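Shown here: data_34.cif, mmCIF, C-alpha atoms.
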data_structure
loop_
_atom_site.label_atom_id
_atom_site.label_comp_id
_atom_site.auth_asym_id
_atom_site.auth_seq_id
_atom_site.Cartn_x
_atom_site.Cartn_y
_atom_site.Cartn_z
CA MET A 40 -26.69 36.32 26.74
CA THR A 41 -28.72 39.09 25.13
CA LEU A 42 -28.13 40.38 21.63
CA HIS A 43 -28.33 44.17 21.40
CA PRO A 44 -29.79 46.40 20.02
CA SER A 45 -32.62 44.07 19.00
CA GLY A 46 -32.94 42.60 22.48
CA LEU A 47 -33.08 38.94 21.49
CA ASN A 48 -32.43 36.44 24.26
CA ILE A 49 -29.91 33.85 23.02
CA HIS A 50 -28.57 30.62 24.50
CA ILE A 51 -25.46 28.89 23.15
CA ALA A 52 -24.19 25.48 24.27
CA GLY A 53 -21.68 22.91 23.05
CA ALA A 54 -18.79 23.11 20.61
CA GLY A 55 -18.49 22.10 16.99
CA PRO A 56 -20.53 22.83 13.85
CA SER A 57 -23.43 25.20 14.49
CA PHE A 58 -27.09 24.22 14.67
CA LEU A 59 -29.42 27.22 14.93
CA TRP A 60 -33.01 26.61 16.03
CA ALA A 61 -36.15 28.80 16.08
CA HIS A 62 -39.28 28.00 18.10
CA GLY A 63 -42.90 28.43 17.05
CA MET A 64 -45.39 31.28 17.40
CA MET A 65 -46.51 31.92 21.00
CA GLY A 66 -43.62 29.73 22.16
CA SER A 67 -40.17 30.26 23.62
CA MET A 68 -37.08 28.32 24.64
CA ALA A 69 -38.61 27.74 28.08
CA ALA A 70 -41.88 26.56 26.53
CA GLU A 71 -40.07 24.05 24.31
CA ASP A 72 -38.13 22.77 27.30
CA ALA A 73 -41.35 22.34 29.29
CA LEU A 74 -43.05 20.60 26.36
CA GLY A 75 -40.20 18.12 26.21
CA ILE A 76 -40.63 16.86 22.65
CA LEU A 77 -37.27 17.97 21.30
CA ARG A 78 -35.19 17.05 24.37
CA TRP A 79 -32.56 19.74 23.95
CA ASP A 80 -31.03 18.48 27.22
CA ARG A 81 -29.89 15.42 25.25
CA PHE A 82 -28.58 17.31 22.23
CA PRO A 83 -25.00 16.20 21.44
CA ALA A 84 -22.31 18.46 22.89
CA THR A 85 -20.28 17.87 19.70
CA TRP A 86 -22.60 20.40 18.03
CA ARG A 87 -22.83 24.07 18.90
CA LEU A 88 -26.50 24.64 19.64
CA LEU A 89 -27.81 28.18 19.23
CA ARG A 90 -31.36 28.84 20.41
CA TYR A 91 -33.15 32.09 21.02
CA ASP A 92 -36.48 33.61 21.95
CA ALA A 93 -38.01 35.24 18.90
CA ARG A 94 -38.91 38.91 19.03
CA GLY A 95 -41.87 39.43 21.36
CA HIS A 96 -41.53 35.93 22.86
CA GLY A 97 -39.99 34.59 26.05
CA ALA A 98 -37.28 36.82 27.50
CA SER A 99 -36.69 38.74 24.25
CA ALA A 100 -37.79 42.36 23.91
CA ALA A 101 -41.42 42.98 23.07
CA SER A 102 -42.43 44.75 19.89
CA THR A 103 -45.64 46.56 19.00
CA ASP A 104 -44.82 46.81 15.29
CA PRO A 105 -46.41 44.00 13.21
CA ARG A 106 -43.70 44.43 10.57
CA GLN A 107 -41.19 43.10 13.10
CA HIS A 108 -43.13 39.82 13.27
CA THR A 109 -43.37 38.97 9.57
CA TRP A 110 -41.45 35.93 8.44
CA PRO A 111 -38.85 37.82 6.35
CA GLN A 112 -38.02 40.05 9.33
CA LEU A 113 -37.85 37.07 11.69
CA ALA A 114 -35.39 35.55 9.21
CA ARG A 115 -33.22 38.64 9.46
CA ASP A 116 -33.33 38.24 13.23
CA MET A 117 -32.22 34.62 12.85
CA LEU A 118 -29.25 35.66 10.72
CA ALA A 119 -28.40 38.31 13.32
CA VAL A 120 -28.37 35.55 15.96
CA ALA A 121 -25.99 33.56 13.74
CA ASP A 122 -23.76 36.62 13.47
CA ALA A 123 -23.83 37.16 17.23
CA GLY A 124 -22.86 33.53 17.73
CA ALA A 125 -20.07 33.72 15.13
CA ALA A 126 -21.82 31.05 13.05
CA ALA A 127 -20.62 31.88 9.54
CA SER A 128 -22.42 28.76 8.31
CA PHE A 129 -24.91 26.55 10.09
CA VAL A 130 -27.62 23.94 9.93
CA GLY A 131 -30.85 25.84 10.51
CA GLY A 132 -34.08 24.51 11.89
CA GLY A 133 -37.38 25.58 13.32
CA TRP A 134 -40.86 24.62 14.44
CA SER A 135 -43.91 26.12 12.65
CA MET A 136 -43.19 29.88 12.60
CA GLY A 137 -39.56 28.90 13.14
CA CYS A 138 -39.75 26.57 10.13
CA ALA A 139 -40.93 29.46 7.96
CA THR A 140 -38.26 31.68 9.53
CA VAL A 141 -35.41 29.36 8.61
CA LEU A 142 -36.68 28.90 5.05
CA HIS A 143 -36.69 32.67 4.58
CA ALA A 144 -33.24 32.90 6.19
CA ALA A 145 -31.92 30.20 3.87
CA LEU A 146 -33.19 32.11 0.84
CA GLN A 147 -31.76 35.39 2.16
CA ALA A 148 -28.32 33.83 2.77
CA PRO A 149 -28.13 30.47 0.95
CA ALA A 150 -24.34 30.25 1.11
CA ARG A 151 -24.52 30.05 4.91
CA ILE A 152 -26.91 27.08 5.08
CA GLN A 153 -25.46 23.57 5.47
CA GLY A 154 -28.77 21.84 6.12
CA LEU A 155 -32.38 22.41 7.12
CA VAL A 156 -34.66 20.88 9.74
CA LEU A 157 -38.25 21.88 8.94
CA MET A 158 -40.58 20.80 11.73
CA LEU A 159 -44.33 21.24 11.33
CA PRO A 160 -44.36 23.45 8.24
CA PRO A 161 -47.28 25.88 8.55
CA ALA A 162 -50.01 26.42 5.99
CA VAL A 163 -48.43 28.17 3.00
CA TRP A 164 -49.20 29.22 -0.58
CA GLU A 165 -52.77 28.19 -1.49
CA GLY A 166 -53.47 27.30 2.13
CA ARG A 167 -52.18 30.56 3.54
CA SER A 168 -55.17 32.79 2.88
CA ALA A 169 -57.49 30.66 5.04
CA GLN A 170 -54.91 30.57 7.84
CA ALA A 171 -54.39 34.33 7.57
CA ALA A 172 -58.16 34.80 7.88
CA LEU A 173 -58.10 32.80 11.13
CA TYR A 174 -55.29 34.98 12.45
CA ARG A 175 -57.19 38.16 11.60
CA ARG A 176 -60.30 36.80 13.28
CA ALA A 177 -58.19 36.11 16.37
CA LEU A 178 -56.77 39.61 16.12
CA ARG A 179 -60.25 41.14 16.14
CA LEU A 180 -61.11 39.10 19.23
CA CYS A 181 -57.86 40.22 20.86
CA GLN A 182 -58.70 43.84 20.15
CA ALA A 183 -62.20 43.37 21.56
CA VAL A 184 -61.30 41.68 24.85
CA GLY A 185 -57.72 42.88 25.37
CA PRO A 186 -54.46 40.94 25.02
CA ALA A 187 -54.36 39.61 28.58
CA ARG A 188 -57.84 38.08 28.42
CA PHE A 189 -57.17 36.91 24.87
CA ALA A 190 -54.12 34.99 26.12
CA ARG A 191 -56.32 33.25 28.67
CA LEU A 192 -58.83 32.35 25.98
CA ALA A 193 -56.10 31.17 23.61
CA ALA A 194 -54.67 28.97 26.35
CA THR A 195 -57.80 26.79 26.17
CA ASP A 196 -56.46 25.51 22.82
CA ALA A 197 -53.18 23.66 23.35
CA GLY A 198 -52.34 23.81 19.64
CA LEU A 199 -51.51 20.09 19.47
CA PRO A 200 -53.41 17.35 17.59
CA PRO A 201 -56.07 15.55 19.67
CA TRP A 202 -54.39 12.15 19.37
CA LEU A 203 -51.19 13.53 20.89
CA LEU A 204 -53.03 15.35 23.69
CA GLN A 205 -54.87 12.13 24.51
CA ALA A 206 -51.58 10.22 24.72
CA ALA A 207 -49.69 12.94 26.59
CA PRO A 208 -52.00 15.37 28.46
CA ARG A 209 -49.04 17.05 30.15
CA MET A 210 -47.96 18.42 26.75
CA GLY A 211 -51.24 20.28 26.53
CA ALA A 212 -50.68 21.76 29.98
CA ALA A 213 -47.20 22.91 28.97
CA MET A 214 -48.49 24.60 25.81
CA ARG A 215 -51.29 26.34 27.70
CA ASP A 216 -48.86 27.59 30.31
CA ALA A 217 -46.59 29.00 27.60
CA THR A 218 -49.52 30.92 26.10
CA LEU A 219 -50.41 32.42 29.46
CA ARG A 220 -46.82 33.64 29.87
CA MET A 221 -46.85 35.62 26.61
CA ALA A 222 -46.14 39.33 26.88
CA ALA A 223 -49.60 40.81 26.34
CA PRO A 224 -48.54 43.89 24.30
CA SER A 225 -46.89 41.68 21.68
CA ILE A 226 -49.83 39.36 21.03
CA PRO A 227 -51.78 41.50 18.51
CA CYS A 228 -48.59 42.16 16.53
CA LEU A 229 -47.76 38.46 16.40
CA PHE A 230 -51.09 37.63 14.79
CA GLU A 231 -50.94 40.55 12.37
CA GLY A 232 -47.37 39.70 11.38
CA ALA A 233 -48.33 36.07 10.82
CA ALA A 234 -51.36 37.08 8.75
CA ARG A 235 -49.11 39.17 6.49
CA SER A 236 -46.62 36.34 5.95
CA ASP A 237 -46.13 33.56 3.44
CA LEU A 238 -43.26 31.69 1.81
CA PRO A 239 -41.77 33.03 -1.43
CA PRO A 240 -43.05 31.43 -4.65
CA ARG A 241 -42.28 27.77 -5.10
CA GLU A 242 -39.68 28.46 -7.80
CA ALA A 243 -37.56 30.39 -5.28
CA LEU A 244 -36.87 27.14 -3.42
CA ALA A 245 -34.79 25.96 -6.38
CA ALA A 246 -31.95 27.91 -4.73
CA LEU A 247 -32.01 25.27 -1.96
CA ALA A 248 -32.02 22.22 -4.23
CA ALA A 249 -28.58 21.06 -3.06
CA VAL A 250 -29.29 21.52 0.65
CA PRO A 251 -30.02 18.37 2.70
CA ALA A 252 -33.23 18.73 4.67
CA LEU A 253 -35.26 16.83 7.23
CA ILE A 254 -38.98 17.62 7.19
CA VAL A 255 -41.01 16.53 10.23
CA ALA A 256 -44.81 16.58 10.31
CA TRP A 257 -47.73 14.97 12.08
CA PRO A 258 -51.38 14.38 11.09
CA GLY A 259 -54.51 16.01 12.49
CA ASP A 260 -53.16 19.56 12.77
CA PRO A 261 -54.87 22.00 10.36
CA ALA A 262 -52.45 24.83 11.12
CA HIS A 263 -49.58 22.54 10.03
CA PRO A 264 -51.11 20.48 7.23
CA LEU A 265 -49.43 17.41 5.86
CA ALA A 266 -49.93 18.88 2.39
CA ALA A 267 -47.43 21.65 3.19
CA ALA A 268 -44.83 19.15 4.42
CA ARG A 269 -45.30 16.92 1.38
CA GLU A 270 -45.04 19.87 -1.01
CA LEU A 271 -41.79 21.02 0.59
CA HIS A 272 -40.53 17.44 0.34
CA ARG A 273 -41.35 17.49 -3.38
CA LEU A 274 -39.63 20.83 -3.94
CA LEU A 275 -36.46 20.03 -1.97
CA PRO A 276 -34.80 17.11 -3.77
CA ARG A 277 -32.39 16.27 -0.93
CA SER A 278 -35.09 16.15 1.71
CA SER A 279 -36.38 13.31 3.86
CA LEU A 280 -39.93 13.36 5.19
CA LEU A 281 -40.77 11.94 8.61
CA ILE A 282 -44.43 11.85 9.63
CA ALA A 283 -44.80 11.11 13.33
CA ALA A 284 -48.29 9.60 13.59
CA THR A 285 -48.14 8.15 17.11
CA HIS A 286 -46.94 9.34 20.50
CA ASP A 287 -43.99 6.94 20.33
CA GLU A 288 -42.98 8.34 16.93
CA VAL A 289 -43.19 11.89 18.33
CA LEU A 290 -40.86 10.83 21.14
CA GLY A 291 -38.49 9.53 18.46
CA ILE A 292 -38.12 12.94 16.76
CA PRO A 293 -34.94 13.92 18.70
CA ASP A 294 -33.23 10.70 17.58
CA ALA A 295 -34.30 11.34 13.98
CA LEU A 296 -32.86 14.85 14.22
CA GLN A 297 -29.55 13.55 15.49
CA ARG A 298 -29.41 10.88 12.78
CA PHE A 299 -30.02 13.57 10.20
CA LEU A 300 -27.24 15.76 11.57
CA ARG A 301 -24.84 12.83 11.22
CA THR A 302 -25.69 12.69 7.50
CA ILE A 303 -24.77 16.29 6.77
CA GLY A 304 -22.23 16.19 3.99
CA ALA A 305 -23.44 12.82 2.68
CA PRO A 306 -24.30 12.65 -1.05
CA GLU A 307 -27.98 11.98 -0.38
CA ALA A 308 -30.31 12.67 2.52
CA SER A 309 -31.13 9.53 4.52
CA THR A 310 -34.43 7.72 4.44
CA LEU A 311 -35.98 7.81 7.90
CA THR A 312 -38.40 5.43 9.53
CA GLY A 313 -41.93 6.51 10.38
CA SER A 314 -45.24 6.86 8.57
CA VAL A 315 -44.95 8.51 5.14
#
For this file, produce the structure as structure tokens.
Amino acid sequence: MTLHPSGLNIHIAGAGPSFLWAHGMMGSMAAEDALGILRWDRFPATWRLLRYDARGHGASAASTDPRQHTWPQLARDMLAVADAGAAASFVGGGWSMGCATVLHAALQAPARIQGLVLMLPPAVWEGRSAQAALYRRALRLCQAVGPARFARLAATDAGLPPWLLQAAPRMGAAMRDATLRMAAPSIPCLFEGAARSDLPPREALAALAAVPALIVAWPGDPAHPLAAARELHRLLPRSSLLIAATHDEVLGIPDALQRFLRTIGAPEASTLTGSV
């Protein structure tokens, strides 16, 4: 279904407690499905899964206003999706931009959050200025060559760590295809919105101290540094950190997610296997 008036494309499946998921920048629901890492087709039907295409992505309405692509605004969109899906409370999760989105949403409406799944936290705080500079450099290139050509150039970088691309080349092809399918008018605004964004100060995360969280990261990805994942793990006392350092461990992420969901409501977050 489509949520109006914002024009967000939403998909809801299953019945039970709500799990609301947000994809990454330059991605979409279709792109995640093609990538195949999260295996939403195997997600338990005992949970109500809410997914959506972020503003300017996938089948959602395009936007040419960079303010609509900042993380706080994307968080407001996420909460609007929860409202549209009648999810008064939910476990929220997201990948990269979606990870930042759900953290902002949790801080905007902490009483609604039952748990967090933070996959590939992006560069934040001290690491954000360098990442923002990269986005602004990309924006200048986009303005010079035009969004359509920029999308073709961007598609040469699959956005996955080399060790994973070597083990699973088809994942790189799926990511490149997703980039090529981006709505060209939205691309400059995505990069500008990302360059303007960061997480709130560390002390703000104290509001989430009682929330169970699963943090998932992998090595060799400068846009999603392990330092960010480890710092969030330090700041969120009920969090578990899973570092998927091999292709097999990446393929195990859906099982880790489902194990985590089974722990919601337990006194302590579980300790997960994997490289830490």
Explicit residue set for the PyMOL selection byres ((chain A and resi 255) around 12), as number ranges by chain: A: 77, 132-135, 138, 155-161, 252-254, 256-258, 263-265, 267-269, 271-272, 278-284, 288-289, 291-293, 295-296, 299, 311-315
Just checking: using only C-alpha atoms, which residue out of A:Asn48, A:Ser225, A:Thr140, A:Ser236 ends up closest to Ser99 in chain A?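 Closest to Ser99 in chain A, using only C-alpha atoms: A:Asn48.
If you apply the PyMOL selection byres ((chain A and resi 88) around 10) to this structure, you end up with A:His50, A:Ile51, A:Ala52, A:Gly53, A:Ala54, A:Gly55, A:Pro56, A:Ser57, A:Phe58, A:Leu59, A:Trp60, A:Trp79, A:Phe82, A:Pro83, A:Ala84, A:Thr85, A:Trp86, A:Arg87, A:Leu89, A:Arg90, A:Gly124, A:Phe129, A:Val130.
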Take the residues from that selection and write them out as a short mmCIF file (atom, residue, chain, number, x, y, z; two decimals), keeping the file's coordinate frame, keeping C-alpha atoms.
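Wrote it out as again.cif, contents follow:
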data_model
loop_
_atom_site.label_atom_id
_atom_site.label_comp_id
_atom_site.auth_asym_id
_atom_site.auth_seq_id
_atom_site.Cartn_x
_atom_site.Cartn_y
_atom_site.Cartn_z
CA HIS A 50 -28.57 30.62 24.50
CA ILE A 51 -25.46 28.89 23.15
CA ALA A 52 -24.19 25.48 24.27
CA GLY A 53 -21.68 22.91 23.05
CA ALA A 54 -18.79 23.11 20.61
CA GLY A 55 -18.49 22.10 16.99
CA PRO A 56 -20.53 22.83 13.85
CA SER A 57 -23.43 25.20 14.49
CA PHE A 58 -27.09 24.22 14.67
CA LEU A 59 -29.42 27.22 14.93
CA TRP A 60 -33.01 26.61 16.03
CA TRP A 79 -32.56 19.74 23.95
CA PHE A 82 -28.58 17.31 22.23
CA PRO A 83 -25.00 16.20 21.44
CA ALA A 84 -22.31 18.46 22.89
CA THR A 85 -20.28 17.87 19.70
CA TRP A 86 -22.60 20.40 18.03
CA ARG A 87 -22.83 24.07 18.90
CA LEU A 89 -27.81 28.18 19.23
CA ARG A 90 -31.36 28.84 20.41
CA GLY A 124 -22.86 33.53 17.73
CA PHE A 129 -24.91 26.55 10.09
CA VAL A 130 -27.62 23.94 9.93
#
Between CA of Arg167 in chain A and CA of Ala197 in chain A, what distance in Å does the model show, to one decimal? 21.0 Å
CA of Leu238 in chain A to CA of Gly131 in chain A, straight-line distance in Å: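 Taking CA of Gly131 in chain A and CA of Leu238 in chain A, their separation equals 16.2 Å.
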Since the input has fewer atoms than a full residue there, write range 159-170 of chain A out with all heavy atoms, as a PDB file, in the coordinates of the input.
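That gives us selection_26.pdb:
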ATOM      1  N   LEU A 159     -42.958  20.743  11.402  1.00  0.00           N
ATOM      2  CA  LEU A 159     -44.330  21.240  11.330  1.00  0.00           C
ATOM      3  C   LEU A 159     -44.457  22.466  10.430  1.00  0.00           C
ATOM      4  O   LEU A 159     -44.800  23.562  10.881  1.00  0.00           O
ATOM      5  CB  LEU A 159     -44.856  21.571  12.738  1.00  0.00           C
ATOM      6  CG  LEU A 159     -44.935  20.402  13.715  1.00  0.00           C
ATOM      7  CD1 LEU A 159     -45.532  20.865  15.030  1.00  0.00           C
ATOM      8  CD2 LEU A 159     -45.727  19.247  13.151  1.00  0.00           C
ATOM      9  N   PRO A 160     -44.164  22.311   9.152  1.00  0.00           N
ATOM     10  CA  PRO A 160     -44.360  23.450   8.240  1.00  0.00           C
ATOM     11  C   PRO A 160     -45.786  23.988   8.347  1.00  0.00           C
ATOM     12  O   PRO A 160     -46.752  23.216   8.342  1.00  0.00           O
ATOM     13  CB  PRO A 160     -44.097  22.843   6.854  1.00  0.00           C
ATOM     14  CG  PRO A 160     -43.219  21.651   7.118  1.00  0.00           C
ATOM     15  CD  PRO A 160     -43.690  21.106   8.431  1.00  0.00           C
ATOM     16  N   PRO A 161     -45.937  25.299   8.437  1.00  0.00           N
ATOM     17  CA  PRO A 161     -47.280  25.880   8.550  1.00  0.00           C
ATOM     18  C   PRO A 161     -47.983  25.905   7.205  1.00  0.00           C
ATOM     19  O   PRO A 161     -47.389  25.627   6.164  1.00  0.00           O
ATOM     20  CB  PRO A 161     -46.996  27.299   9.058  1.00  0.00           C
ATOM     21  CG  PRO A 161     -45.639  27.620   8.495  1.00  0.00           C
ATOM     22  CD  PRO A 161     -44.880  26.312   8.504  1.00  0.00           C
ATOM     23  N   ALA A 162     -49.252  26.256   7.234  1.00  0.00           N
ATOM     24  CA  ALA A 162     -50.010  26.420   5.990  1.00  0.00           C
ATOM     25  C   ALA A 162     -49.374  27.522   5.148  1.00  0.00           C
ATOM     26  O   ALA A 162     -49.112  28.620   5.644  1.00  0.00           O
ATOM     27  CB  ALA A 162     -51.460  26.773   6.309  1.00  0.00           C
ATOM     28  N   VAL A 163     -49.095  27.216   3.893  1.00  0.00           N
ATOM     29  CA  VAL A 163     -48.430  28.170   3.000  1.00  0.00           C
ATOM     30  C   VAL A 163     -49.092  28.139   1.626  1.00  0.00           C
ATOM     31  O   VAL A 163     -49.933  27.291   1.333  1.00  0.00           O
ATOM     32  CB  VAL A 163     -46.922  27.857   2.855  1.00  0.00           C
ATOM     33  CG1 VAL A 163     -46.193  28.133   4.165  1.00  0.00           C
ATOM     34  CG2 VAL A 163     -46.702  26.398   2.416  1.00  0.00           C
ATOM     35  N   TRP A 164     -48.729  29.124   0.789  1.00  0.00           N
ATOM     36  CA  TRP A 164     -49.200  29.220  -0.580  1.00  0.00           C
ATOM     37  C   TRP A 164     -50.740  29.159  -0.645  1.00  0.00           C
ATOM     38  O   TRP A 164     -51.379  29.979   0.003  1.00  0.00           O
ATOM     39  CB  TRP A 164     -48.504  28.162  -1.435  1.00  0.00           C
ATOM     40  CG  TRP A 164     -47.019  28.402  -1.504  1.00  0.00           C
ATOM     41  CD1 TRP A 164     -46.369  29.582  -1.710  1.00  0.00           C
ATOM     42  CD2 TRP A 164     -45.994  27.415  -1.332  1.00  0.00           C
ATOM     43  NE1 TRP A 164     -45.006  29.402  -1.680  1.00  0.00           N
ATOM     44  CE2 TRP A 164     -44.740  28.093  -1.452  1.00  0.00           C
ATOM     45  CE3 TRP A 164     -45.988  26.042  -1.089  1.00  0.00           C
ATOM     46  CZ2 TRP A 164     -43.526  27.423  -1.344  1.00  0.00           C
ATOM     47  CZ3 TRP A 164     -44.780  25.393  -0.985  1.00  0.00           C
ATOM     48  CH2 TRP A 164     -43.565  26.076  -1.118  1.00  0.00           C
ATOM     49  N   GLU A 165     -51.305  28.201  -1.350  1.00  0.00           N
ATOM     50  CA  GLU A 165     -52.770  28.190  -1.490  1.00  0.00           C
ATOM     51  C   GLU A 165     -53.485  28.067  -0.138  1.00  0.00           C
ATOM     52  O   GLU A 165     -54.614  28.533  -0.003  1.00  0.00           O
ATOM     53  CB  GLU A 165     -53.207  27.026  -2.401  1.00  0.00           C
ATOM     54  CG  GLU A 165     -52.759  27.152  -3.834  1.00  0.00           C
ATOM     55  CD  GLU A 165     -51.351  26.627  -4.079  1.00  0.00           C
ATOM     56  OE1 GLU A 165     -50.713  26.144  -3.111  1.00  0.00           O
ATOM     57  OE2 GLU A 165     -50.903  26.704  -5.232  1.00  0.00           O
ATOM     58  N   GLY A 166     -52.840  27.452   0.821  1.00  0.00           N
ATOM     59  CA  GLY A 166     -53.470  27.300   2.130  1.00  0.00           C
ATOM     60  C   GLY A 166     -53.271  28.478   3.055  1.00  0.00           C
ATOM     61  O   GLY A 166     -53.839  28.491   4.158  1.00  0.00           O
ATOM     62  N   ARG A 167     -52.511  29.484   2.605  1.00  0.00           N
ATOM     63  CA  ARG A 167     -52.180  30.560   3.540  1.00  0.00           C
ATOM     64  C   ARG A 167     -53.323  31.535   3.756  1.00  0.00           C
ATOM     65  O   ARG A 167     -53.475  32.078   4.862  1.00  0.00           O
ATOM     66  CB  ARG A 167     -50.940  31.328   3.032  1.00  0.00           C
ATOM     67  CG  ARG A 167     -50.340  32.250   4.080  1.00  0.00           C
ATOM     68  CD  ARG A 167     -49.805  31.463   5.233  1.00  0.00           C
ATOM     69  NE  ARG A 167     -49.481  32.279   6.407  1.00  0.00           N
ATOM     70  CZ  ARG A 167     -49.255  31.787   7.613  1.00  0.00           C
ATOM     71  NH1 ARG A 167     -49.309  30.486   7.810  1.00  0.00           N
ATOM     72  NH2 ARG A 167     -48.981  32.578   8.631  1.00  0.00           N
ATOM     73  N   SER A 168     -54.125  31.777   2.731  1.00  0.00           N
ATOM     74  CA  SER A 168     -55.170  32.790   2.880  1.00  0.00           C
ATOM     75  C   SER A 168     -56.180  32.386   3.954  1.00  0.00           C
ATOM     76  O   SER A 168     -56.627  33.224   4.744  1.00  0.00           O
ATOM     77  CB  SER A 168     -55.879  33.037   1.542  1.00  0.00           C
ATOM     78  OG  SER A 168     -56.462  31.844   1.063  1.00  0.00           O
ATOM     79  N   ALA A 169     -56.547  31.116   4.012  1.00  0.00           N
ATOM     80  CA  ALA A 169     -57.490  30.660   5.040  1.00  0.00           C
ATOM     81  C   ALA A 169     -56.868  30.789   6.421  1.00  0.00           C
ATOM     82  O   ALA A 169     -57.533  31.196   7.388  1.00  0.00           O
ATOM     83  CB  ALA A 169     -57.906  29.223   4.769  1.00  0.00           C
ATOM     84  N   GLN A 170     -55.569  30.448   6.547  1.00  0.00           N
ATOM     85  CA  GLN A 170     -54.910  30.570   7.840  1.00  0.00           C
ATOM     86  C   GLN A 170     -54.788  32.041   8.242  1.00  0.00           C
ATOM     87  O   GLN A 170     -54.987  32.400   9.410  1.00  0.00           O
ATOM     88  CB  GLN A 170     -53.521  29.918   7.789  1.00  0.00           C
ATOM     89  CG  GLN A 170     -52.818  29.839   9.130  1.00  0.00           C
ATOM     90  CD  GLN A 170     -53.542  28.941  10.123  1.00  0.00           C
ATOM     91  OE1 GLN A 170     -54.176  27.957   9.740  1.00  0.00           O
ATOM     92  NE2 GLN A 170     -53.461  29.287  11.393  1.00  0.00           N
TER      93      GLN A 170
END
